[in-house]
$ cat entry-v7.cif   # mmCIF, C-alpha atoms
data_model
#
loop_
_atom_site.label_atom_id
_atom_site.label_comp_id
_atom_site.auth_asym_id
_atom_site.auth_seq_id
_atom_site.Cartn_x
_atom_site.Cartn_y
_atom_site.Cartn_z
CA MET A 1199 30.36 -62.50 -4.40
CA LYS A 1200 26.98 -60.75 -4.20
CA VAL A 1201 26.63 -57.24 -5.60
CA PHE A 1202 23.72 -54.94 -4.87
CA VAL A 1203 22.58 -52.00 -6.99
CA SER A 1204 19.53 -49.78 -6.64
CA GLY A 1205 17.68 -47.21 -8.69
CA CYS A 1206 14.49 -46.22 -10.49
CA PHE A 1207 15.31 -47.79 -13.86
CA ASP A 1208 12.43 -46.01 -15.54
CA MET A 1209 12.63 -45.84 -19.34
CA LEU A 1210 15.30 -48.54 -19.43
CA HIS A 1211 18.09 -47.69 -21.88
CA SER A 1212 21.57 -48.77 -22.92
CA GLY A 1213 23.15 -46.79 -20.07
CA HIS A 1214 21.31 -48.95 -17.54
CA VAL A 1215 22.40 -52.15 -19.27
CA ALA A 1216 26.02 -50.93 -19.43
CA PHE A 1217 25.83 -50.22 -15.68
CA PHE A 1218 24.52 -53.72 -14.91
CA LYS A 1219 27.22 -55.20 -17.14
CA GLU A 1220 30.01 -53.34 -15.35
CA ALA A 1221 28.55 -54.12 -11.92
CA ALA A 1222 28.48 -57.81 -12.87
CA GLN A 1223 32.28 -57.73 -13.06
CA TYR A 1224 32.24 -57.50 -9.24
CA GLY A 1225 29.89 -60.44 -8.64
CA GLU A 1226 26.28 -61.61 -9.01
CA VAL A 1227 24.07 -58.54 -9.42
CA TYR A 1228 20.91 -58.07 -7.35
CA VAL A 1229 18.75 -55.02 -8.06
CA GLY A 1230 16.55 -53.06 -5.66
CA ILE A 1231 14.03 -51.01 -7.67
CA GLY A 1232 12.39 -47.87 -6.34
CA SER A 1233 8.62 -48.15 -6.00
CA ASP A 1234 6.23 -45.87 -7.84
CA ARG A 1235 5.48 -44.17 -4.52
CA THR A 1236 9.16 -43.55 -3.76
CA ILE A 1237 9.88 -42.06 -7.19
CA GLU A 1238 6.89 -39.74 -6.95
CA GLU A 1239 8.13 -38.65 -3.51
CA LEU A 1240 11.70 -38.00 -4.69
CA LYS A 1241 11.07 -36.70 -8.21
CA GLY A 1242 7.60 -35.19 -7.92
CA ARG A 1243 6.33 -37.08 -10.95
CA GLU A 1244 4.78 -40.39 -11.91
CA THR A 1245 6.91 -43.01 -13.62
CA LEU A 1246 6.37 -43.75 -17.29
CA ASN A 1247 6.59 -47.47 -16.54
CA SER A 1248 4.95 -48.95 -13.44
CA GLU A 1249 7.03 -50.72 -10.81
CA GLN A 1250 5.85 -54.13 -12.05
CA GLU A 1251 6.81 -53.29 -15.64
CA ARG A 1252 10.22 -52.07 -14.50
CA LEU A 1253 10.71 -55.17 -12.38
CA PHE A 1254 9.85 -57.45 -15.33
CA ILE A 1255 12.30 -55.67 -17.65
CA VAL A 1256 15.17 -55.60 -15.14
CA GLN A 1257 14.68 -59.30 -14.32
CA SER A 1258 14.97 -60.06 -18.04
CA ILE A 1259 18.50 -58.63 -18.36
CA LYS A 1260 21.16 -61.34 -18.50
CA TYR A 1261 23.54 -59.48 -16.17
CA VAL A 1262 20.95 -59.47 -13.34
CA ALA A 1263 20.72 -62.46 -10.98
CA GLY A 1264 17.68 -61.17 -9.10
CA ALA A 1265 15.51 -58.10 -8.58
CA TRP A 1266 12.66 -56.79 -6.41
CA ILE A 1267 10.75 -53.64 -5.49
CA ASN A 1268 12.22 -51.93 -2.44
CA SER A 1269 9.87 -51.81 0.53
CA GLY A 1270 11.06 -48.52 2.03
CA SER A 1271 10.82 -44.91 0.97
CA GLY A 1272 13.15 -41.99 0.35
CA ILE A 1273 16.78 -42.06 -0.72
CA LEU A 1274 17.49 -45.18 1.40
CA ASP A 1275 14.36 -47.08 0.35
CA PHE A 1276 16.45 -50.25 -0.06
CA LYS A 1277 17.77 -50.34 3.52
CA GLU A 1278 15.86 -53.39 4.75
CA GLU A 1279 16.50 -55.35 1.55
CA LEU A 1280 20.20 -54.52 1.77
CA LYS A 1281 20.38 -55.93 5.29
CA LYS A 1282 18.48 -59.05 4.25
CA LEU A 1283 20.63 -59.69 1.15
CA SER A 1284 23.88 -58.92 3.02
CA PRO A 1285 25.90 -58.41 -0.19
CA ASP A 1286 29.66 -58.12 -0.36
CA ARG A 1287 29.51 -54.95 -2.43
CA TYR A 1288 27.15 -52.08 -3.20
CA VAL A 1289 27.77 -50.46 -6.59
CA VAL A 1290 26.53 -47.02 -7.66
CA ASN A 1291 27.11 -44.68 -10.58
CA GLU A 1292 28.81 -41.40 -9.73
CA ASP A 1293 25.52 -39.51 -10.08
CA GLY A 1294 23.84 -42.04 -7.77
CA HIS A 1295 26.40 -41.58 -5.01
CA SER A 1296 25.25 -40.25 -1.64
CA PRO A 1297 27.18 -39.90 1.64
CA PHE A 1298 24.28 -41.67 3.37
CA LYS A 1299 24.56 -44.72 1.13
CA GLN A 1300 28.29 -44.80 1.84
CA ASP A 1301 27.77 -44.47 5.60
CA LEU A 1302 25.14 -47.22 5.61
CA CYS A 1303 27.52 -49.59 3.79
CA LYS A 1304 30.29 -48.75 6.25
CA ASP A 1305 28.00 -49.56 9.18
CA LEU A 1306 27.01 -52.88 7.58
CA GLY A 1307 30.53 -53.86 6.49
CA ILE A 1308 29.69 -53.71 2.77
CA GLU A 1309 32.28 -52.51 0.23
CA TYR A 1310 31.03 -49.34 -1.49
CA ILE A 1311 32.07 -48.94 -5.15
CA ILE A 1312 31.44 -45.85 -7.29
CA LEU A 1313 31.54 -46.30 -11.08
CA ASN A 1314 31.98 -43.62 -13.70
CA ARG A 1315 29.12 -43.41 -16.16
CA VAL A 1316 30.70 -44.92 -19.29
CA PRO A 1317 28.58 -45.92 -22.32
CA GLU A 1318 29.07 -49.20 -24.13
CA PRO A 1319 31.69 -48.73 -26.86
CA GLY A 1320 30.09 -47.40 -30.03
CA LEU A 1321 26.92 -46.25 -28.25
CA PRO A 1322 25.99 -42.70 -27.15
CA GLU A 1323 25.86 -41.75 -23.49
CA ARG A 1324 22.36 -42.26 -22.13
CA SER A 1325 20.52 -41.19 -19.00
CA THR A 1326 16.82 -41.20 -18.15
CA THR A 1327 16.95 -37.49 -17.33
CA VAL A 1328 18.41 -36.55 -20.72
CA ILE A 1329 15.87 -38.72 -22.52
CA ARG A 1330 13.01 -37.18 -20.52
CA LYS A 1331 14.44 -33.70 -21.19
CA ASP A 1332 14.52 -34.35 -24.92
CA MET A 1333 10.97 -35.69 -24.82
CA MET A 1334 9.31 -33.51 -22.24
CA ASN A 1335 10.35 -30.89 -19.73
CA HIS A 1336 12.78 -28.12 -20.70
CA LEU A 1337 11.96 -25.82 -17.79
CA PRO A 1338 15.03 -24.57 -15.86
CA TYR A 1339 15.80 -24.95 -12.18
CA ARG A 1340 17.23 -22.31 -9.84
CA LEU A 1341 20.15 -22.34 -7.44
CA ASP A 1342 20.74 -19.50 -4.98
CA LEU A 1343 24.34 -18.56 -4.21
CA ALA A 1344 24.02 -15.91 -1.49
CA GLY A 1345 21.48 -13.71 0.28
CA THR A 1346 18.99 -16.53 0.70
CA TRP A 1347 15.79 -15.41 2.49
CA ILE A 1348 16.45 -11.68 1.91
CA ASP A 1349 13.60 -11.85 -0.62
CA GLN A 1350 11.18 -12.15 2.29
CA PRO A 1351 9.97 -8.71 3.50
CA TYR A 1352 10.24 -9.68 7.16
CA LEU A 1353 14.02 -9.71 6.61
CA SER A 1354 14.59 -7.00 4.03
CA GLU A 1355 12.49 -4.45 5.92
CA ILE A 1356 14.97 -4.84 8.80
CA TYR A 1357 18.00 -4.61 6.51
CA PRO A 1358 17.74 -4.56 2.69
CA GLY A 1359 20.02 -6.52 0.42
CA TRP A 1360 20.66 -8.64 -2.65
CA ALA A 1361 19.85 -12.26 -3.42
CA ILE A 1362 22.08 -13.95 -6.01
CA THR A 1363 20.81 -16.78 -8.22
CA ILE A 1364 21.85 -18.80 -11.23
CA SER A 1365 19.42 -20.40 -13.67
CA LEU A 1366 20.20 -24.08 -14.32
CA GLU A 1367 19.64 -26.25 -17.34
CA PRO A 1368 17.69 -29.43 -16.41
CA VAL A 1369 20.67 -31.69 -17.09
CA ILE A 1370 19.46 -33.90 -14.24
CA GLU A 1371 16.07 -34.26 -12.64
CA TYR A 1372 16.67 -32.61 -9.27
CA ASN A 1373 14.81 -34.08 -6.32
CA GLU A 1374 11.60 -32.62 -4.98
CA ARG A 1375 11.82 -30.42 -1.87
CA SER A 1376 15.50 -29.88 -2.57
CA GLY A 1377 15.77 -26.08 -2.64
CA MET A 1378 16.06 -26.01 -6.45
CA SER A 1379 12.67 -24.28 -6.87
CA THR A 1380 10.86 -27.47 -7.80
CA SER A 1381 7.53 -26.13 -6.51
CA THR A 1382 7.85 -22.91 -8.54
CA ARG A 1383 8.91 -25.02 -11.52
CA LYS A 1384 5.65 -26.97 -11.13
CA ALA A 1385 3.76 -23.68 -11.25
CA ALA A 1386 5.68 -22.77 -14.41
CA LYS A 1387 4.71 -26.10 -15.95
CA GLU A 1388 1.06 -25.45 -15.10
CA LEU A 1389 1.34 -22.01 -16.67
CA TRP A 1390 3.44 -22.75 -19.75
CA ASN A 1391 3.58 -26.54 -20.08
CA ASN A 1392 7.14 -27.78 -20.67
CA GLN A 1393 9.19 -24.75 -21.67
CA LEU A 1394 9.42 -21.03 -21.08
CA PRO A 1395 7.67 -18.87 -23.68
CA LEU A 1396 9.38 -16.12 -25.61
CA GLY A 1397 9.40 -12.82 -23.79
CA LYS A 1398 11.40 -10.54 -21.56
CA PRO A 1399 12.75 -12.72 -18.73
CA GLU A 1400 11.91 -10.23 -15.97
CA LYS A 1401 8.30 -10.02 -17.13
CA LEU A 1402 8.01 -13.79 -17.31
CA ALA A 1403 9.41 -14.01 -13.78
CA GLU A 1404 6.88 -11.50 -12.48
CA LEU A 1405 4.04 -13.35 -14.18
CA LEU A 1406 5.20 -16.65 -12.68
CA PHE A 1407 5.57 -15.08 -9.24
CA ARG A 1408 2.02 -13.70 -9.34
CA PHE A 1409 0.62 -16.95 -10.72
CA GLU A 1410 2.20 -19.06 -7.96
CA ASN A 1411 1.39 -16.64 -5.14
CA LYS A 1412 -2.33 -16.23 -5.51
CA PRO A 1413 -4.23 -13.74 -3.29
CA GLY A 1414 -4.92 -15.22 0.12
CA ASN A 1415 -1.87 -17.49 0.23
CA LYS A 1416 -0.60 -17.75 3.79
CA LEU A 1417 2.95 -18.47 2.65
CA VAL A 1418 4.44 -16.46 -0.21
CA SER A 1419 7.18 -18.08 -2.24
CA GLY A 1420 10.13 -15.71 -2.56
CA ALA A 1421 10.62 -13.88 -5.84
CA GLN A 1422 14.12 -15.30 -6.22
CA ASP A 1423 12.54 -18.64 -7.22
CA ALA A 1424 10.66 -17.20 -10.19
CA ILE A 1425 13.58 -14.96 -11.15
CA GLY A 1426 16.08 -17.81 -10.97
CA ILE A 1427 13.92 -19.94 -13.26
CA CYS A 1428 13.02 -17.27 -15.82
CA VAL A 1429 16.12 -15.04 -15.92
CA PRO A 1430 19.05 -16.89 -17.52
CA GLY A 1431 22.67 -16.73 -16.48
CA LEU A 1432 23.73 -15.08 -13.22
CA SER A 1433 21.51 -12.47 -11.59
CA ARG A 1434 21.07 -10.54 -8.38
CA HIS A 1435 17.93 -8.79 -7.16
CA PHE A 1436 17.63 -6.10 -4.50
CA TYR A 1437 14.90 -6.33 -1.83
CA LYS A 1438 13.77 -3.57 0.51
CA GLY A 1439 10.65 -4.51 2.44
CA GLU A 1440 8.66 -5.77 -0.57
CA TYR A 1441 8.09 -9.16 -2.14
CA TRP A 1442 9.21 -8.02 -5.59
CA PRO A 1443 12.74 -6.59 -5.91
CA GLU A 1444 13.47 -2.95 -6.65
CA THR A 1445 15.96 -3.90 -9.34
CA ILE A 1446 17.42 -6.94 -11.11
CA GLU A 1447 20.98 -7.06 -12.43
CA LYS A 1448 22.06 -9.77 -14.89
CA LYS A 1449 25.35 -11.15 -16.13
CA TYR A 1450 25.64 -13.32 -19.22
CA ASP A 1451 29.42 -13.12 -19.70
CA GLU A 1452 30.57 -16.51 -20.90
CA ASP A 1453 33.87 -16.37 -19.01
CA ILE A 1454 32.07 -15.69 -15.70
CA LEU A 1455 29.51 -18.45 -16.23
CA ASN A 1456 32.23 -20.92 -17.21
CA TRP A 1457 34.21 -19.92 -14.13
CA LEU A 1458 31.23 -20.58 -11.87
CA GLU A 1459 30.58 -23.96 -13.49
CA ASP A 1460 34.22 -24.90 -12.86
CA HIS A 1461 34.00 -24.16 -9.13
CA LEU A 1462 30.48 -25.24 -8.06
CA PHE A 1463 29.72 -28.85 -7.14
CA LEU A 1464 26.64 -30.62 -5.74
CA ILE A 1465 26.45 -33.55 -3.33
CA PRO A 1466 23.00 -35.22 -3.16
CA LEU A 1467 21.42 -35.25 0.30
CA TRP A 1468 17.74 -36.01 0.88
CA PRO A 1469 14.42 -34.23 0.27
CA ARG A 1470 13.34 -31.75 2.92
CA PRO A 1471 11.25 -33.69 5.45
CA GLU A 1472 7.50 -33.11 5.39
CA GLY A 1473 6.33 -30.79 8.13
CA THR A 1474 9.68 -28.99 8.46
CA ASP A 1475 9.16 -25.77 10.40
CA LEU A 1476 11.85 -23.17 9.72
CA LEU A 1477 9.91 -20.23 11.08
CA SER A 1478 10.18 -21.31 14.69
CA ASN A 1479 13.29 -20.54 16.73
CA THR A 1480 14.22 -17.74 14.33
CA ARG A 1481 16.49 -14.78 15.07
CA PHE A 1482 15.37 -11.78 13.04
CA GLU A 1483 18.16 -9.60 14.39
CA LYS A 1484 19.57 -6.68 12.44
CA PRO A 1485 23.28 -7.63 12.81
CA LEU A 1486 22.60 -11.10 11.40
CA ILE A 1487 20.51 -9.82 8.49
CA ARG A 1488 23.13 -7.18 7.82
CA LYS A 1489 25.77 -9.93 7.62
CA LEU A 1490 23.54 -11.80 5.18
CA ALA A 1491 23.19 -8.72 2.98
CA GLU A 1492 26.84 -7.69 3.14
CA SER A 1493 28.15 -11.17 2.39
CA SER A 1494 25.88 -11.32 -0.66
CA ALA A 1495 27.28 -8.02 -1.95
CA SER A 1496 30.83 -9.31 -1.42
CA CYS A 1497 29.93 -12.57 -3.16
CA TRP A 1498 28.75 -10.70 -6.27
CA ASP A 1499 31.89 -8.58 -6.45
CA SER A 1500 34.11 -11.65 -6.07
CA ILE A 1501 32.26 -13.51 -8.83
CA LEU A 1502 32.62 -10.61 -11.26
CA SER A 1503 36.36 -10.37 -10.56
CA LYS A 1504 36.68 -14.19 -10.54
CA ASP A 1505 38.29 -14.03 -7.10
CA LEU A 1506 37.87 -17.61 -5.89
CA VAL A 1507 39.07 -17.00 -2.32
CA GLY A 1508 36.79 -13.97 -1.96
CA PHE A 1509 33.89 -15.89 -3.49
CA ALA A 1510 34.36 -18.82 -1.10
CA ASP A 1511 34.64 -16.55 1.95
CA ALA A 1512 31.48 -14.64 1.04
CA PHE A 1513 29.60 -17.81 0.07
CA ARG A 1514 30.38 -19.38 3.44
CA ALA A 1515 29.61 -16.16 5.34
CA SER A 1516 26.20 -15.94 3.65
CA PHE A 1517 25.37 -19.50 4.71
CA GLU A 1518 26.54 -18.84 8.27
CA ALA A 1519 24.29 -15.76 8.44
CA GLN A 1520 21.39 -17.71 6.95
CA THR A 1521 21.68 -20.53 9.49
CA SER A 1522 22.12 -18.06 12.35
CA ILE A 1523 18.80 -16.47 11.40
CA PHE A 1524 17.11 -19.84 10.79
CA PRO A 1525 18.84 -22.32 13.16
CA ASN A 1526 16.40 -25.12 12.29
CA MET A 1527 18.12 -25.45 8.92
CA LEU A 1528 20.97 -27.32 10.57
CA ASN A 1529 21.06 -30.52 12.57
CA THR A 1530 23.70 -33.08 13.51
CA LYS A 1531 22.94 -35.18 10.44
CA ILE A 1532 23.66 -32.28 8.08
CA GLU A 1533 26.69 -31.13 10.06
CA LYS A 1534 28.16 -34.61 9.81
CA VAL A 1535 27.99 -34.45 6.00
CA ILE A 1536 29.47 -30.95 5.91
CA ASP A 1537 32.38 -32.16 8.06
CA GLN A 1538 33.18 -34.79 5.43
CA TYR A 1539 33.84 -32.07 2.84
CA LYS A 1540 35.60 -29.39 4.85
CA ASP A 1541 38.99 -30.64 3.66
CA LYS A 1542 37.80 -30.99 0.05
CA ALA A 1543 36.06 -27.65 -0.47
CA MET A 1544 36.62 -23.99 0.32
CA ALA A 1545 32.98 -23.24 1.20
CA TRP A 1546 29.60 -24.93 1.46
CA LYS A 1547 25.90 -24.30 1.86
CA LEU A 1548 22.61 -26.15 1.53
CA SER A 1549 20.56 -25.75 -1.60
CA GLY A 1550 17.38 -26.29 0.35
CA ALA A 1551 16.04 -24.57 3.39
CA GLY A 1552 15.18 -27.10 6.05
CA GLY A 1553 18.08 -29.46 5.72
CA GLY A 1554 17.66 -31.20 2.45
CA GLY A 1555 18.35 -31.20 -1.24
CA TYR A 1556 22.01 -30.85 -2.09
CA LEU A 1557 25.17 -29.73 -0.39
CA VAL A 1558 26.62 -27.01 -2.63
CA LEU A 1559 30.40 -26.79 -2.57
CA VAL A 1560 32.86 -24.17 -3.79
CA ALA A 1561 36.21 -25.75 -4.63
CA ASP A 1562 39.36 -24.96 -6.58
CA HIS A 1563 39.38 -28.43 -8.15
CA PRO A 1564 36.76 -31.09 -9.00
CA VAL A 1565 35.27 -32.80 -5.94
CA LYS A 1566 35.21 -36.56 -6.36
CA ASN A 1567 31.75 -38.10 -6.81
CA SER A 1568 30.02 -34.73 -6.99
CA MET A 1569 27.76 -33.32 -9.71
CA LYS A 1570 28.50 -30.23 -11.77
CA VAL A 1571 25.93 -27.64 -12.77
CA LYS A 1572 25.11 -26.25 -16.21
CA ILE A 1573 24.08 -22.59 -16.16
CA ARG A 1574 21.43 -21.61 -18.69
CA ARG A 1575 22.74 -19.17 -21.26
CA TRP A 1576 20.87 -16.21 -22.68
CA MET A 1577 19.59 -16.85 -26.19
CA PRO A 1578 18.55 -13.44 -27.66
#
$ encode --input "entry-v7.cif" --output "structure tokens"
Amino acid sequence: MKVFVSGCFDMLHSGHVAFFKEAAQYGEVYVGIGSDRTIEELKGRETLNSEQERLFIVQSIKYVAGAWINSGSGILDFKEELKKLSPDRYVVNEDGHSPFKQDLCKDLGIEYIILNRVPEPGLPERSTTVIRKDMMNHLPYRLDLAGTWIDQPYLSEIYPGWAITISLEPVIEYNERSGMSTSTRKAAKELWNNQLPLGKPEKLAELLFRFENKPGNKLVSGAQDAIGICVPGLSRHFYKGEYWPETIEKKYDEDILNWLEDHLFLIPLWPRPEGTDLLSNTRFEKPLIRKLAESSASCWDSILSKDLVGFADAFRASFEAQTSIFPNMLNTKIEKVIDQYKDKAMAWKLSGAGGGGYLVLVADHPVKNSMKVKIRRWMP
């Protein structure tokens, strides 16, 4: 039996070795390693170890029968090597699962196996992201829940409304161009290095917004990105024809944040394609923008009352309004993935404008092979 696995395998640690060991129970393990170029494309950073160093280390592990650098790019960079190897099984960790990997294996007649991340007995749980977080970057990410795009004046001047965001701990290294404010996070890193400074969150957000959106910029990044990164917990911000909101409301209640964490799940998709144009084929119509604003208001009320059905209905309505205004966000590829989860979740949306990033699900129970989020708490 031949078993294929793929990944970056940067900063090799005991978690990687435990994964290879478990995969070897299914057959001879062959490893496709992401190139330096692919990792920079997906993660927006250089690797600590070059592709040749990573290849040498992986080849030296006794559980590995063979390894190479994948020739492709993106989330399916191993596609040609997979066809050439023609393995019996493709094994992934639960946080490496993707519907597109699963579909590819189905098309090729390869058994697709998802493992739980379990450390070797007696050893702590390890992941490259956690190690990098401990060593380097503590800056948060941002996830919008409802009212997406209302922070742009060309919408809010037609009908004002709220955008709702949560600030996320960097428990994983979210992909570039994924709708998790990775570009604004880069600006924050340029401004403050690897962690937010002490200060009033709203003022930090305004400083970051002004730093990223320098005079003369043709495209202005919405304020919800800077607010979501700098303001912890759950927040909503009201826009009325201006780039900066009239007011910001915040919620740090532990029971509400725990409730959200229990009902939000992420499914990895793919980075937003280069050259994506969302501002063509738009419908800046008042009824649609009004639906966007009203669904966001309903979403907030449902969250505060921990009304899961109301939250799911408003969450879905906000996404429907968003994609009605910006139809280019959806395509048949994305719709196919959404269809796979309609019987597993109560509502869904994309984290990233332009058809990429993560599929965000609202569900009343854990969704198999999904990722949970960790909301950043306020530390006074």
$ residues_around --input "entry-v7.cif" --residues "region 1409-1416 of chain A" --least-positions-apart "6" --cutoff "8 Å" --atoms "only C-alpha atoms" --output "list in words"
Thr1382, Ala1385 and Leu1389 of chain A
$ closest_residue --input "entry-v7.cif" --among "A:Ile1259, A:Ile1427, A:Val1418, A:Leu1394" --to "Tyr1441 (chain A)" --atoms "all atoms listed in the file"
A:Val1418
$ closest_atom_pairs --input "entry-v7.cif" --of "region 1371-1435 of chain A" --to "region 1500-1513 of chain A" --cutoff "12 Å" --atoms "only C-alpha atoms" --output "JSON lines"
{"residue": "A:Leu1432", "atom": "CA", "partner": "A:Ile1501", "partner_atom": "CA", "distance": 9.7}
{"residue": "A:Ser1433", "atom": "CA", "partner": "A:Ile1501", "partner_atom": "CA", "distance": 11.1}
{"residue": "A:Arg1434", "atom": "CA", "partner": "A:Ile1501", "partner_atom": "CA", "distance": 11.6}
$ resolve_selection --input "entry-v7.cif" --expression "the PyMOL selection byres ((chain A and resi 1440) around 12)" --output "list in words"
Ile1348, Asp1349, Gln1350, Pro1351, Tyr1352, Leu1353, Ser1354, Glu1355, Ile1356, Tyr1357, Pro1358, Gly1359, Val1418, Gly1420, Ala1421, His1435, Phe1436, Tyr1437, Lys1438, Gly1439, Tyr1441, Trp1442, Pro1443, Glu1444 and Thr1445 of chain A
$ resolve_selection --input "entry-v7.cif" --expression "the PyMOL selection byres ((chain A and resi 1525-1538) around 10)" --output "ChimeraX atom specification"
/A:1296-1298,1465,1467,1470,1474-1481,1518-1524,1539-1543,1545-1548,1550-1554,1557-1559
$ closest_residue --input "entry-v7.cif" --among "A:Glu1239, A:Glu1279, A:Glu1226, A:Glu1249" --to "Phe1207 (chain A)" --atoms "all atoms listed in the file"
A:Glu1249
$ closest_residue --input "entry-v7.cif" --among "A:Glu1374, A:Val1203, A:Lys1299, A:Pro1285" --to "Lys1219 (chain A)" --atoms "only C-alpha atoms"
A:Val1203
$ decode --input "entry-v7.cif" --residues "region 1356-1384 of chain A" --atoms "C-alpha atoms" --output "compact mmCIF listing (two decimals), in the first residue's frame"
# COMPACT_ATOMS: atom_id res chain seq x y z
CA ILE A 1356 -27.20 54.74 0.27
CA TYR A 1357 -28.32 53.00 3.47
CA PRO A 1358 -26.33 53.18 6.74
CA GLY A 1359 -25.75 50.20 8.98
CA TRP A 1360 -23.57 48.12 11.27
CA ALA A 1361 -20.67 45.79 10.54
CA ILE A 1362 -20.03 43.06 13.13
CA THR A 1363 -16.56 41.63 13.73
CA ILE A 1364 -14.74 39.38 16.15
CA SER A 1365 -11.03 39.63 16.90
CA LEU A 1366 -9.25 36.27 16.65
CA GLU A 1367 -6.23 34.89 18.43
CA PRO A 1368 -3.59 33.63 15.93
CA VAL A 1369 -4.09 30.00 16.94
CA ILE A 1370 -3.41 29.06 13.32
CA GLU A 1371 -1.64 30.91 10.55
CA TYR A 1372 -4.57 31.85 8.31
CA ASN A 1373 -3.90 31.88 4.59
CA GLU A 1374 -3.13 35.04 2.67
CA ARG A 1375 -5.97 36.65 0.69
CA SER A 1376 -8.46 34.77 2.83
CA GLY A 1377 -10.69 37.56 4.15
CA MET A 1378 -9.10 37.41 7.62
CA SER A 1379 -7.51 40.87 7.27
CA THR A 1380 -4.08 39.50 6.45
CA SER A 1381 -3.14 42.64 4.50
CA THR A 1382 -4.15 44.94 7.37
CA ARG A 1383 -2.30 42.60 9.74
CA LYS A 1384 0.82 43.12 7.60
